[in-house]
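Visitor: My structure is in coords-v5.pdb, and what it holds is PDB, C-alpha atoms:
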ATOM      1  CA  MET A 138      88.863 132.615  66.888
ATOM      2  CA  PRO A 139      88.604 135.366  69.553
ATOM      3  CA  PHE A 140      87.451 132.892  72.248
ATOM      4  CA  GLN A 141      89.493 129.933  73.531
ATOM      5  CA  ILE A 142      88.657 127.638  76.459
ATOM      6  CA  SER A 143      91.355 125.598  78.224
ATOM      7  CA  LEU A 144      91.428 123.375  81.312
ATOM      8  CA  THR A 145      94.100 123.150  83.997
ATOM      9  CA  HIS A 146      93.997 119.321  83.728
ATOM     10  CA  ASP A 147      92.655 116.756  81.295
ATOM     11  CA  THR A 148      91.045 114.652  84.040
ATOM     12  CA  PHE A 149      88.975 115.559  87.099
ATOM     13  CA  GLU A 150      87.322 113.412  89.743
ATOM     14  CA  ALA A 151      83.577 113.508  90.366
ATOM     15  CA  GLY A 152      82.891 115.433  93.549
ATOM     16  CA  THR A 153      85.640 117.986  92.814
ATOM     17  CA  SER A 154      85.815 121.211  90.796
ATOM     18  CA  ILE A 155      86.788 121.638  87.147
ATOM     19  CA  THR A 156      89.109 124.624  86.729
ATOM     20  CA  GLY A 157      90.324 126.475  83.675
ATOM     21  CA  THR A 158      90.208 129.741  81.751
ATOM     22  CA  ILE A 159      88.436 131.366  78.816
ATOM     23  CA  ASP A 160      90.755 133.595  76.792
ATOM     24  CA  ILE A 161      89.182 136.408  74.755
ATOM     25  CA  THR A 162      91.051 138.414  72.125
ATOM     26  CA  SER A 163      89.250 141.178  70.227
ATOM     27  CA  HIS A 164      90.386 144.353  68.444
ATOM     28  CA  GLU A 165      87.037 146.010  69.055
ATOM     29  CA  ALA A 166      84.350 145.929  71.726
ATOM     30  CA  ILE A 167      81.935 142.955  71.627
ATOM     31  CA  SER A 168      78.250 143.581  72.238
ATOM     32  CA  ALA A 169      77.162 140.977  74.792
ATOM     33  CA  LYS A 170      74.562 140.331  77.486
ATOM     34  CA  ALA A 171      75.898 137.141  79.142
ATOM     35  CA  LEU A 172      78.844 134.741  79.150
ATOM     36  CA  CYS A 173      77.969 131.296  80.507
ATOM     37  CA  LEU A 174      80.065 128.241  81.326
ATOM     38  CA  THR A 175      78.457 124.916  80.346
ATOM     39  CA  PHE A 176      79.005 121.309  81.375
ATOM     40  CA  LYS A 177      77.250 118.284  79.913
ATOM     41  CA  GLY A 178      77.642 114.530  79.676
ATOM     42  CA  GLU A 179      76.218 112.004  77.250
ATOM     43  CA  GLU A 180      75.964 108.301  76.557
ATOM     44  CA  ARG A 181      76.452 107.254  72.960
ATOM     45  CA  THR A 182      76.032 103.835  71.364
ATOM     46  CA  ARG A 183      76.561 102.531  67.854
ATOM     47  CA  CYS A 184      75.195  99.102  66.943
ATOM     48  CA  ILE A 185      75.749  97.242  63.694
ATOM     49  CA  ASP A 186      73.191  94.777  62.339
ATOM     50  CA  PRO A 187      75.071  91.514  61.606
ATOM     51  CA  ASP A 188      72.890  90.733  58.571
ATOM     52  CA  SER A 189      72.375  94.056  56.792
ATOM     53  CA  LYS A 190      75.600  95.617  58.143
ATOM     54  CA  GLU A 191      73.629  98.817  58.696
ATOM     55  CA  SER A 192      74.539 100.842  61.763
ATOM     56  CA  ALA A 193      72.269 102.694  64.180
ATOM     57  CA  GLU A 194      73.299 105.244  66.772
ATOM     58  CA  ALA A 195      71.704 106.673  69.891
ATOM     59  CA  VAL A 196      72.624 109.543  72.211
ATOM     60  CA  CYS A 197      71.276 110.125  75.684
ATOM     61  CA  GLY A 198      72.072 113.069  77.968
ATOM     62  CA  LEU A 199      73.468 112.341  81.417
ATOM     63  CA  HIS A 200      73.916 115.628  83.237
ATOM     64  CA  SER A 201      74.100 119.315  82.340
ATOM     65  CA  MET A 202      74.921 122.528  84.225
ATOM     66  CA  ARG A 203      75.373 126.231  83.495
ATOM     67  CA  GLN A 204      77.307 128.879  85.379
ATOM     68  CA  ASP A 205      77.121 132.621  84.754
ATOM     69  CA  LEU A 206      80.507 134.344  84.255
ATOM     70  CA  SER A 207      79.109 137.685  83.055
ATOM     71  CA  SER A 208      80.037 139.750  86.104
ATOM     72  CA  SER A 209      83.757 139.115  85.611
ATOM     73  CA  ILE A 210      83.972 140.319  81.999
ATOM     74  CA  ILE A 211      80.825 142.116  80.713
ATOM     75  CA  GLN A 212      80.588 145.756  81.712
ATOM     76  CA  GLY A 213      77.153 147.056  82.577
ATOM     77  CA  GLY A 214      75.528 144.038  80.929
ATOM     78  CA  ARG A 215      76.234 145.556  77.519
ATOM     79  CA  ARG A 216      79.688 144.776  76.099
ATOM     80  CA  ILE A 217      83.154 143.290  76.434
ATOM     81  CA  LYS A 218      86.002 145.765  76.040
ATOM     82  CA  ALA A 219      88.459 145.464  73.185
ATOM     83  CA  GLY A 220      91.772 143.797  74.044
ATOM     84  CA  LYS A 221      92.947 140.546  75.617
ATOM     85  CA  HIS A 222      91.026 139.107  78.559
ATOM     86  CA  ARG A 223      91.383 135.939  80.635
ATOM     87  CA  VAL A 224      88.347 134.705  82.558
ATOM     88  CA  PRO A 225      89.195 132.034  85.159
ATOM     89  CA  PHE A 226      86.439 129.622  86.157
ATOM     90  CA  GLU A 227      85.729 126.891  88.683
ATOM     91  CA  MET A 228      82.728 124.579  88.411
ATOM     92  CA  PHE A 229      81.845 121.863  90.922
ATOM     93  CA  VAL A 230      81.142 118.436  89.424
ATOM     94  CA  PRO A 231      78.604 116.467  91.488
ATOM     95  CA  GLU A 232      79.367 113.067  92.961
ATOM     96  CA  GLY A 233      77.813 109.981  91.460
ATOM     97  CA  LEU A 234      78.610 110.770  87.832
ATOM     98  CA  PRO A 235      79.670 107.722  85.808
ATOM     99  CA  GLN A 236      83.282 107.603  84.720
ATOM    100  CA  THR A 237      84.346 108.490  81.187
ATOM    101  CA  VAL A 238      84.006 105.322  79.074
ATOM    102  CA  SER A 239      85.366 104.529  75.625
ATOM    103  CA  ILE A 240      84.965 100.908  74.542
ATOM    104  CA  PRO A 241      83.684  99.307  71.309
ATOM    105  CA  HIS A 242      80.108 100.339  70.464
ATOM    106  CA  THR A 243      79.715 102.580  73.524
ATOM    107  CA  ARG A 244      81.108 105.608  75.270
ATOM    108  CA  VAL A 245      80.405 108.149  78.001
ATOM    109  CA  THR A 246      81.767 111.605  77.179
ATOM    110  CA  TYR A 247      81.789 114.942  79.005
ATOM    111  CA  PHE A 248      82.174 118.459  77.606
ATOM    112  CA  VAL A 249      83.048 121.821  79.169
ATOM    113  CA  GLY A 250      82.231 124.880  77.060
ATOM    114  CA  PHE A 251      81.020 128.461  76.928
ATOM    115  CA  GLU A 252      78.178 130.407  75.331
ATOM    116  CA  LEU A 253      78.150 134.128  74.610
ATOM    117  CA  GLU A 254      74.708 135.736  74.302
ATOM    118  CA  ASP A 255      73.937 139.056  72.639
ATOM    119  CA  ARG A 256      71.538 141.626  74.069
ATOM    120  CA  LYS A 257      68.555 139.728  72.632
ATOM    121  CA  GLY A 258      69.604 136.515  74.359
ATOM    122  CA  ARG A 259      70.778 134.785  71.184
ATOM    123  CA  VAL A 260      73.924 132.620  71.306
ATOM    124  CA  VAL A 261      76.407 134.315  68.976
ATOM    125  CA  GLU A 262      79.604 132.508  70.013
ATOM    126  CA  LYS A 263      80.234 129.145  71.607
ATOM    127  CA  GLY A 264      82.897 126.515  71.997
ATOM    128  CA  GLU A 265      83.661 123.400  74.019
ATOM    129  CA  THR A 266      86.338 120.870  74.869
ATOM    130  CA  THR A 267      86.184 117.310  76.174
ATOM    131  CA  VAL A 268      87.091 116.487  79.759
ATOM    132  CA  ASN A 269      87.720 113.112  81.371
ATOM    133  CA  ILE A 270      85.767 112.394  84.555
ATOM    134  CA  LEU A 271      86.882 109.786  87.079
ATOM    135  CA  ALA A 272      84.290 108.200  89.340
ATOM    136  CA  GLU A 273      84.799 109.204  92.955
ATOM    137  CA  LYS A 274      86.586 106.732  95.210
ATOM    138  CA  LEU A 275      84.253 104.750  97.453
ATOM    139  CA  VAL A 276      84.885 103.433 100.937
ATOM    140  CA  HIS A 277      84.444  99.670 100.819
ATOM    141  CA  HIS A 278      84.529  97.446 103.901
ATOM    142  CA  PRO A 279      84.324  93.781 102.882
ATOM    143  CA  CYS A 280      84.911  92.770 106.489
ATOM    144  CA  PRO A 281      84.941  94.766 109.763
ATOM    145  CA  TYR A 282      88.217  95.737 111.396
ATOM    146  CA  HIS A 283      91.296  93.858 110.210
ATOM    147  CA  ARG A 284      89.937  90.350 109.723
ATOM    148  CA  GLU A 285      90.532  88.738 106.341
ATOM    149  CA  PRO A 286      87.342  88.561 104.248
ATOM    150  CA  PHE A 287      86.185  85.105 103.235
ATOM    151  CA  LEU A 288      83.327  84.639 100.770
ATOM    152  CA  GLU A 289      82.121  81.257  99.538
ATOM    153  CA  PHE A 290      79.780  80.421  96.646
ATOM    154  CA  VAL A 291      78.499  77.009  95.528
ATOM    155  CA  LYS A 292      77.272  76.232  92.003
ATOM    156  CA  LYS A 293      76.185  72.982  90.314
ATOM    157  CA  ASN A 294      76.894  72.659  86.594
ATOM    158  CA  ARG A 295      75.079  69.844  84.759
ATOM    159  CA  PHE A 296      75.951  68.359  81.385
ATOM    160  CA  LYS A 297      75.211  65.150  79.474
ATOM    161  CA  LYS A 298      77.712  62.907  81.245
ATOM    162  CA  GLY A 299      77.122  64.125  84.793
ATOM    163  CA  HIS A 300      77.757  67.284  86.734
ATOM    164  CA  PHE A 301      80.324  69.312  88.670
ATOM    165  CA  VAL A 302      79.696  70.888  92.058
ATOM    166  CA  ILE A 303      81.933  73.954  92.212
ATOM    167  CA  THR A 304      82.707  75.808  95.443
ATOM    168  CA  THR A 305      84.398  79.182  94.902
ATOM    169  CA  THR A 306      86.170  80.963  97.748
ATOM    170  CA  ILE A 307      87.287  84.543  97.130
ATOM    171  CA  GLN A 308      88.497  87.381  99.337
ATOM    172  CA  ASP A 309      86.043  89.916  97.931
ATOM    173  CA  THR A 310      83.652  90.406  95.019
ATOM    174  CA  VAL A 311      83.991  94.216  94.915
ATOM    175  CA  LEU A 312      87.338  95.011  93.319
ATOM    176  CA  GLU A 313      89.097  97.801  91.429
ATOM    177  CA  PRO A 314      91.224  97.845  88.269
ATOM    178  CA  GLY A 315      94.738  96.596  89.001
ATOM    179  CA  GLU A 316      93.742  94.714  92.146
ATOM    180  CA  VAL A 317      94.880  91.130  92.801
ATOM    181  CA  VAL A 318      92.901  88.742  95.023
ATOM    182  CA  GLY A 319      93.264  85.105  95.914
ATOM    183  CA  VAL A 320      90.722  82.622  94.569
ATOM    184  CA  SER A 321      90.217  78.981  95.521
ATOM    185  CA  VAL A 322      88.020  76.659  93.469
ATOM    186  CA  ALA A 323      86.991  73.203  94.685
ATOM    187  CA  VAL A 324      85.501  70.982  91.962
ATOM    188  CA  ARG A 325      83.552  67.916  93.044
ATOM    189  CA  ASN A 326      83.475  65.661  90.009
ATOM    190  CA  ARG A 327      80.265  63.658  89.529
ATOM    191  CA  SER A 328      81.072  62.460  86.030
ATOM    192  CA  PRO A 329      83.346  59.952  84.238
ATOM    193  CA  LEU A 330      85.475  62.851  82.945
ATOM    194  CA  LYS A 331      88.998  63.298  84.225
ATOM    195  CA  ILE A 332      89.956  66.868  85.111
ATOM    196  CA  LYS A 333      93.342  67.918  83.767
ATOM    197  CA  LYS A 334      93.545  71.653  84.453
ATOM    198  CA  VAL A 335      91.425  74.437  85.911
ATOM    199  CA  LYS A 336      91.868  78.076  84.853
ATOM    200  CA  ILE A 337      90.148  81.326  85.860
ATOM    201  CA  MET A 338      89.507  84.640  84.126
ATOM    202  CA  LEU A 339      87.569  87.866  84.591
ATOM    203  CA  LYS A 340      85.269  88.692  81.677
ATOM    204  CA  GLN A 341      83.897  92.123  80.894
ATOM    205  CA  HIS A 342      80.785  92.292  78.732
ATOM    206  CA  THR A 343      78.758  95.168  77.360
ATOM    207  CA  HIS A 344      75.035  95.125  76.644
ATOM    208  CA  ALA A 345      73.939  98.043  74.443
ATOM    209  CA  THR A 346      70.962  99.315  72.512
ATOM    210  CA  ALA A 347      70.927 101.719  69.563
ATOM    211  CA  VAL A 348      67.685 103.510  70.467
ATOM    212  CA  ASN A 349      66.058 104.737  73.650
ATOM    213  CA  ASN A 350      63.037 102.495  73.125
ATOM    214  CA  GLU A 351      64.290  98.990  73.891
ATOM    215  CA  ARG A 352      61.306  97.425  72.168
ATOM    216  CA  GLU A 353      62.473  98.725  68.784
ATOM    217  CA  GLY A 354      66.201  98.811  69.381
ATOM    218  CA  GLU A 355      68.797  96.457  68.006
ATOM    219  CA  ARG A 356      70.539  95.049  71.070
ATOM    220  CA  ILE A 357      74.009  93.536  71.027
ATOM    221  CA  LEU A 358      76.037  91.545  73.508
ATOM    222  CA  THR A 359      79.806  91.707  73.189
ATOM    223  CA  PHE A 360      82.462  90.086  75.331
ATOM    224  CA  HIS A 361      85.867  91.654  75.819
ATOM    225  CA  GLU A 362      88.408  89.181  77.150
ATOM    226  CA  PHE A 363      91.382  90.970  78.637
ATOM    227  CA  LYS A 364      93.819  88.077  78.447
ATOM    228  CA  GLU A 365      93.984  84.312  78.360
ATOM    229  CA  TYR A 366      92.817  82.212  81.248
ATOM    230  CA  ARG A 367      95.239  82.073  84.185
ATOM    231  CA  LYS A 368      96.302  78.645  85.381
ATOM    232  CA  MET A 369      95.392  77.519  88.881
ATOM    233  CA  LYS A 370      97.623  75.375  91.058
ATOM    234  CA  ARG A 371      96.202  72.033  92.144
ATOM    235  CA  LYS A 372      96.348  71.466  95.892
ATOM    236  CA  ARG A 373      97.994  68.283  97.108
ATOM    237  CA  LYS A 374      96.224  66.693 100.096
ATOM    238  CA  LYS A 375      97.045  63.779 102.358
ATOM    239  CA  TRP A 376      94.070  61.676 103.441
ATOM    240  CA  LEU A 377      93.746  59.261 106.362
ATOM    241  CA  ARG A 378      92.732  55.825 105.141
ATOM    242  CA  GLY A 379      90.484  53.545 107.165
ATOM    243  CA  THR A 380      87.906  54.562 109.738
ATOM    244  CA  ASP A 381      85.397  52.765 111.943
ATOM    245  CA  GLU A 382      82.675  55.364 111.530
ATOM    246  CA  GLN A 383      80.701  55.033 108.315
ATOM    247  CA  GLU A 384      79.753  58.736 108.453
ATOM    248  CA  ASP A 385      83.407  59.755 108.654
ATOM    249  CA  PHE A 386      84.217  57.404 105.784
ATOM    250  CA  ASP A 387      81.554  59.012 103.600
ATOM    251  CA  ASP A 388      82.963  62.467 104.332
ATOM    252  CA  VAL A 389      86.483  61.356 103.419
ATOM    253  CA  GLN A 390      85.256  59.634 100.259
ATOM    254  CA  GLU A 391      83.397  62.795  99.253
ATOM    255  CA  GLU A 392      86.535  64.865  99.704
ATOM    256  CA  LEU A 393      88.523  62.327  97.712
ATOM    257  CA  ASP A 394      86.186  62.923  94.781
ATOM    258  CA  SER A 395      86.911  66.681  94.820
ATOM    259  CA  GLU A 396      89.903  68.681  93.641
ATOM    260  CA  GLU A 397      90.901  72.064  95.027
ATOM    261  CA  HIS A 398      92.751  74.618  92.926
ATOM    262  CA  ASP A 399      94.317  77.886  94.069
ATOM    263  CA  GLY A 400      95.059  80.916  91.923
ATOM    264  CA  GLU A 401      95.031  84.700  91.670
ATOM    265  CA  LEU A 402      92.460  86.889  89.971
ATOM    266  CA  ARG A 403      94.235  89.883  88.446
ATOM    267  CA  VAL A 404      91.921  92.688  87.383
ATOM    268  CA  PRO A 405      93.445  94.429  84.331
ATOM    269  CA  LYS A 406      94.305  98.072  84.888
ATOM    270  CA  ASN A 407      92.435  99.016  81.719
ATOM    271  CA  ALA A 408      89.190  97.399  82.878
ATOM    272  CA  THR A 409      86.074  99.569  82.731
ATOM    273  CA  LEU A 410      84.196 100.154  85.979
ATOM    274  CA  THR A 411      80.890  98.359  86.398
ATOM    275  CA  TYR A 412      78.215 100.594  84.884
ATOM    276  CA  ASP A 413      74.430 100.476  84.555
ATOM    277  CA  GLY A 414      73.287 103.194  82.158
ATOM    278  CA  ARG A 415      70.279 103.995  80.009
ATOM    279  CA  LEU A 416      71.716 102.882  76.672
ATOM    280  CA  PHE A 417      74.295 100.341  77.798
ATOM    281  CA  ASP A 418      75.706  98.564  80.792
ATOM    282  CA  VAL A 419      79.089  97.067  81.611
ATOM    283  CA  LYS A 420      79.207  93.938  83.766
ATOM    284  CA  HIS A 421      81.977  91.648  84.995
ATOM    285  CA  ASP A 422      81.935  87.952  85.854
ATOM    286  CA  LEU A 423      84.397  85.392  87.147
ATOM    287  CA  TYR A 424      84.699  82.377  84.836
ATOM    288  CA  ILE A 425      86.550  79.097  85.083
ATOM    289  CA  LEU A 426      87.678  76.832  82.276
ATOM    290  CA  ILE A 427      87.860  73.118  83.103
ATOM    291  CA  GLN A 428      90.054  71.105  80.774
ATOM    292  CA  THR A 429      89.215  67.393  80.788
ATOM    293  CA  ASP A 430      90.383  64.286  78.957
ATOM    294  CA  GLN A 431      87.677  64.983  76.367
ATOM    295  CA  LYS A 432      88.146  67.326  73.391
ATOM    296  CA  ASP A 433      85.772  70.081  74.477
ATOM    297  CA  ASP A 434      86.693  72.306  77.432
ATOM    298  CA  ILE A 435      83.944  73.281  79.852
ATOM    299  CA  GLU A 436      83.530  77.009  80.500
ATOM    300  CA  ILE A 437      81.429  78.007  83.516
ATOM    301  CA  ARG A 438      80.315  81.423  84.789
ATOM    302  CA  LEU A 439      80.810  81.459  88.550
ATOM    303  CA  ILE A 440      79.983  84.770  90.230
ATOM    304  CA  PRO A 441      79.477  88.451  89.312
ATOM    305  CA  ILE A 442      82.285  90.880  90.178
ATOM    306  CA  GLU A 443      81.745  94.608  90.727
ATOM    307  CA  LEU A 444      84.507  97.052  89.783
ATOM    308  CA  ILE A 445      84.742 100.433  91.541
ATOM    309  CA  ARG A 446      87.414 102.957  92.538
ATOM    310  CA  LYS A 447      88.313 102.333  96.166
ATOM    311  CA  GLU A 448      89.520 104.637  98.875
ATOM    312  CA  PRO A 449      92.888 103.466 100.235
ATOM    313  CA  LYS A 450      92.442 101.171 103.199
ATOM    314  CA  LYS A 451      93.070 102.695 106.597
ATOM    315  CA  GLU A 452      95.823 100.906 108.470
ATOM    316  CA  PHE A 453      94.435  99.069 111.479
ATOM    317  CA  ARG A 454      95.960  99.624 114.867
ATOM    318  CA  GLU A 455      95.173  97.713 118.038
ATOM    319  CA  GLU A 456      94.821 101.062 119.878
ATOM    320  CA  ASP A 457      91.868 101.924 117.599
ATOM    321  CA  GLU A 458      90.022  98.745 118.592
ATOM    322  CA  ASP A 459      90.746  99.390 122.283
ATOM    323  CA  GLU A 460      89.354 102.924 121.964
ATOM    324  CA  GLU A 461      86.170 101.646 120.294
ATOM    325  CA  ASP A 462      85.698  99.014 123.012
ATOM    326  CA  SER A 463      86.125 101.640 125.735
ATOM    327  CA  ASP A 464      83.651 103.984 124.018
ATOM    328  CA  SER A 465      81.013 101.275 123.628
ATOM    329  CA  SER A 466      81.324 100.303 127.296
ATOM    330  CA  GLY A 467      80.732 103.874 128.548
ATOM    331  CA  ILE A 468      77.458 104.872 130.214
ATOM    332  CA  VAL A 469      75.457 107.583 128.490
TER     333      VAL A 469
END
Could the structure of this file be written out as structure tokens, please?
Guide:
Amino acid sequence: MPFQISLTHDTFEAGTSITGTIDITSHEAISAKALCLTFKGEERTRCIDPDSKESAEAVCGLHSMRQDLSSSIIQGGRRIKAGKHRVPFEMFVPEGLPQTVSIPHTRVTYFVGFELEDRKGRVVEKGETTVNILAEKLVHHPCPYHREPFLEFVKKNRFKKGHFVITTTIQDTVLEPGEVVGVSVAVRNRSPLKIKKVKIMLKQHTHATAVNNEREGERILTFHEFKEYRKMKRKRKKWLRGTDEQEDFDDVQEELDSEEHDGELRVPKNATLTYDGRLFDVKHDLYILIQTDQKDDIEIRLIPIELIRKEPKKEFREEDEDEEDSDSSGIV
């Protein structure tokens, strides 16, 4: 093939430029009007009907661009000289593009290619190669300055024999792959069941459709569990017995009925970023598994977790806070 496209890297970040070259080898002059660089992205899903086992696919375009490279290789808008030529290129990729995704049933793929047009504007030669796109890193401030974030969520879970009141405390709900955060779960037991163990896990699930029209599409819901539930450590507390105030006694009794468990939520490095597309979406949730003295374990969805790529945190210095205080106190 006289045309060959190659990239300087396999992966580029959204908001930066894709660089590479197009190599042309020809023993005779090539009649040509234009040489264009192309970039496009697409969503693709493939759903299988559980009954008929028939599969359906859908493709949806995400983003496309073209860049004219004619001036660097085509002489007088008529031809490319015989011989070996190397055409370097640089194309800016806009911010906000979703990251390359490849998980069961779904994927997001990007292509960089070229098109050679003859004098009548017909495409007579083309080629392309895949490129991985990383989502740009986002600045995330869960809490101003250097204070430790502290988020608390309360959920009541009812079942036949009673209910649990679960209070979840977590450092942040916006995380990135590979991150580790502390999680504390307090379970107030309003049932005859005896709690043996409490475990936590992050679940990633994909919701996809095989056609653009949701009304006609076969939709699937698949869960991808990264690993087994992680054990949480039960907190040991010392309580003061006996009090003259009935209100204080009720508070202590209420705390005695609850158990607090500490653990770590480890986001797998291979986790897919949270994504909301046209054909599929990828969501993440924090789950706990409560093992009781009964046969069946109780699995409860607690809170949604968002996965992004984060900018490295800026180290806090006391001088920075002093400077901000002095600036805010100035008279304009």
Visitor: Any chance you could work out the residue set of the PyMOL selection byres ((chain A and resi 200) around 8) here, as a ChimeraX atom specification?
Guide: /A:176-179,198-199,201-202
Visitor: Between CA of Arg371 (chain A) and CA of Leu444 (chain A), what is the spacing in Å?
Guide: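 Those two atoms sit 27.7 Å apart.
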Visitor: Apply the PyMOL selection byres ((chain A and resi 267-270) around 7) to the structure shown and report the selected residues as a VMD selection string.
Guide: chain A and resid 147 to 151 236 to 237 247 to 249 265 to 266 271 to 272
Visitor: Suppose a student applies the PyMOL selection byres ((chain A and resi 228-232) around 8) to this structure; what residues should they get, written as an mmCIF file with C-alpha atoms, in the coordinates of the input?
Guide:
data_model
loop_
_atom_site.group_PDB
_atom_site.id
_atom_site.type_symbol
_atom_site.label_atom_id
_atom_site.label_comp_id
_atom_site.auth_asym_id
_atom_site.auth_seq_id
_atom_site.Cartn_x
_atom_site.Cartn_y
_atom_site.Cartn_z
ATOM 1 C CA GLU A 150 87.322 113.412 89.743
ATOM 2 C CA ALA A 151 83.577 113.508 90.366
ATOM 3 C CA GLY A 152 82.891 115.433 93.549
ATOM 4 C CA THR A 153 85.640 117.986 92.814
ATOM 5 C CA SER A 154 85.815 121.211 90.796
ATOM 6 C CA ILE A 155 86.788 121.638 87.147
ATOM 7 C CA THR A 156 89.109 124.624 86.729
ATOM 8 C CA GLN A 204 77.307 128.879 85.379
ATOM 9 C CA PHE A 226 86.439 129.622 86.157
ATOM 10 C CA GLU A 227 85.729 126.891 88.683
ATOM 11 C CA GLY A 233 77.813 109.981 91.460
ATOM 12 C CA LEU A 234 78.610 110.770 87.832
ATOM 13 C CA ALA A 272 84.290 108.200 89.340
ATOM 14 C CA GLU A 273 84.799 109.204 92.955
#
Visitor: What would the list of residues within 6 Å of (78.5, 125.3, 80.1) (file frame) look like as a PyMOL selection string, if only C-alpha atoms are what count?
Guide: chain A and resi 174-176+203+249-251
Visitor: To one decimal place in Å, what is the distance between CA of Ile142 (chain A) and CA of Leu172 (chain A)?
Guide: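 So the answer is 12.4 Å.
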Visitor: Work out how far CA of His421 (chain A) is from CA of Val324 (chain A), in Å to one decimal.
Guide: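 CA of His421 (chain A) lies 22.1 Å from CA of Val324 (chain A).
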Visitor: Could you tell me which of A:Thr411, A:Thr429, A:Thr310, A:Thr246 comes closest to Val335 (chain A) if we count all atoms listed in the file?
Guide: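 That would be A:Thr429, the residue with the smallest distance to Val335 (chain A).
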Visitor: Would you list the contacts of Ala408 (chain A) as number ranges by chain, taking every protein, DNA or RNA residue within 9 Å and counting only C-alpha atoms, but skipping same-chain residues closer than 5 positions in sequence?
Guide: A: 313-315, 341, 363, 444
Visitor: So, with all atoms listed in the file as the atoms that count, which of A:Arg181, A:Lys292, A:Lys297, A:Arg327 lies closest to Leu416 (chain A)?
Guide: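 Ranking A:Arg181, A:Lys292, A:Lys297, A:Arg327 by distance to Leu416 (chain A), first place goes to A:Arg181.
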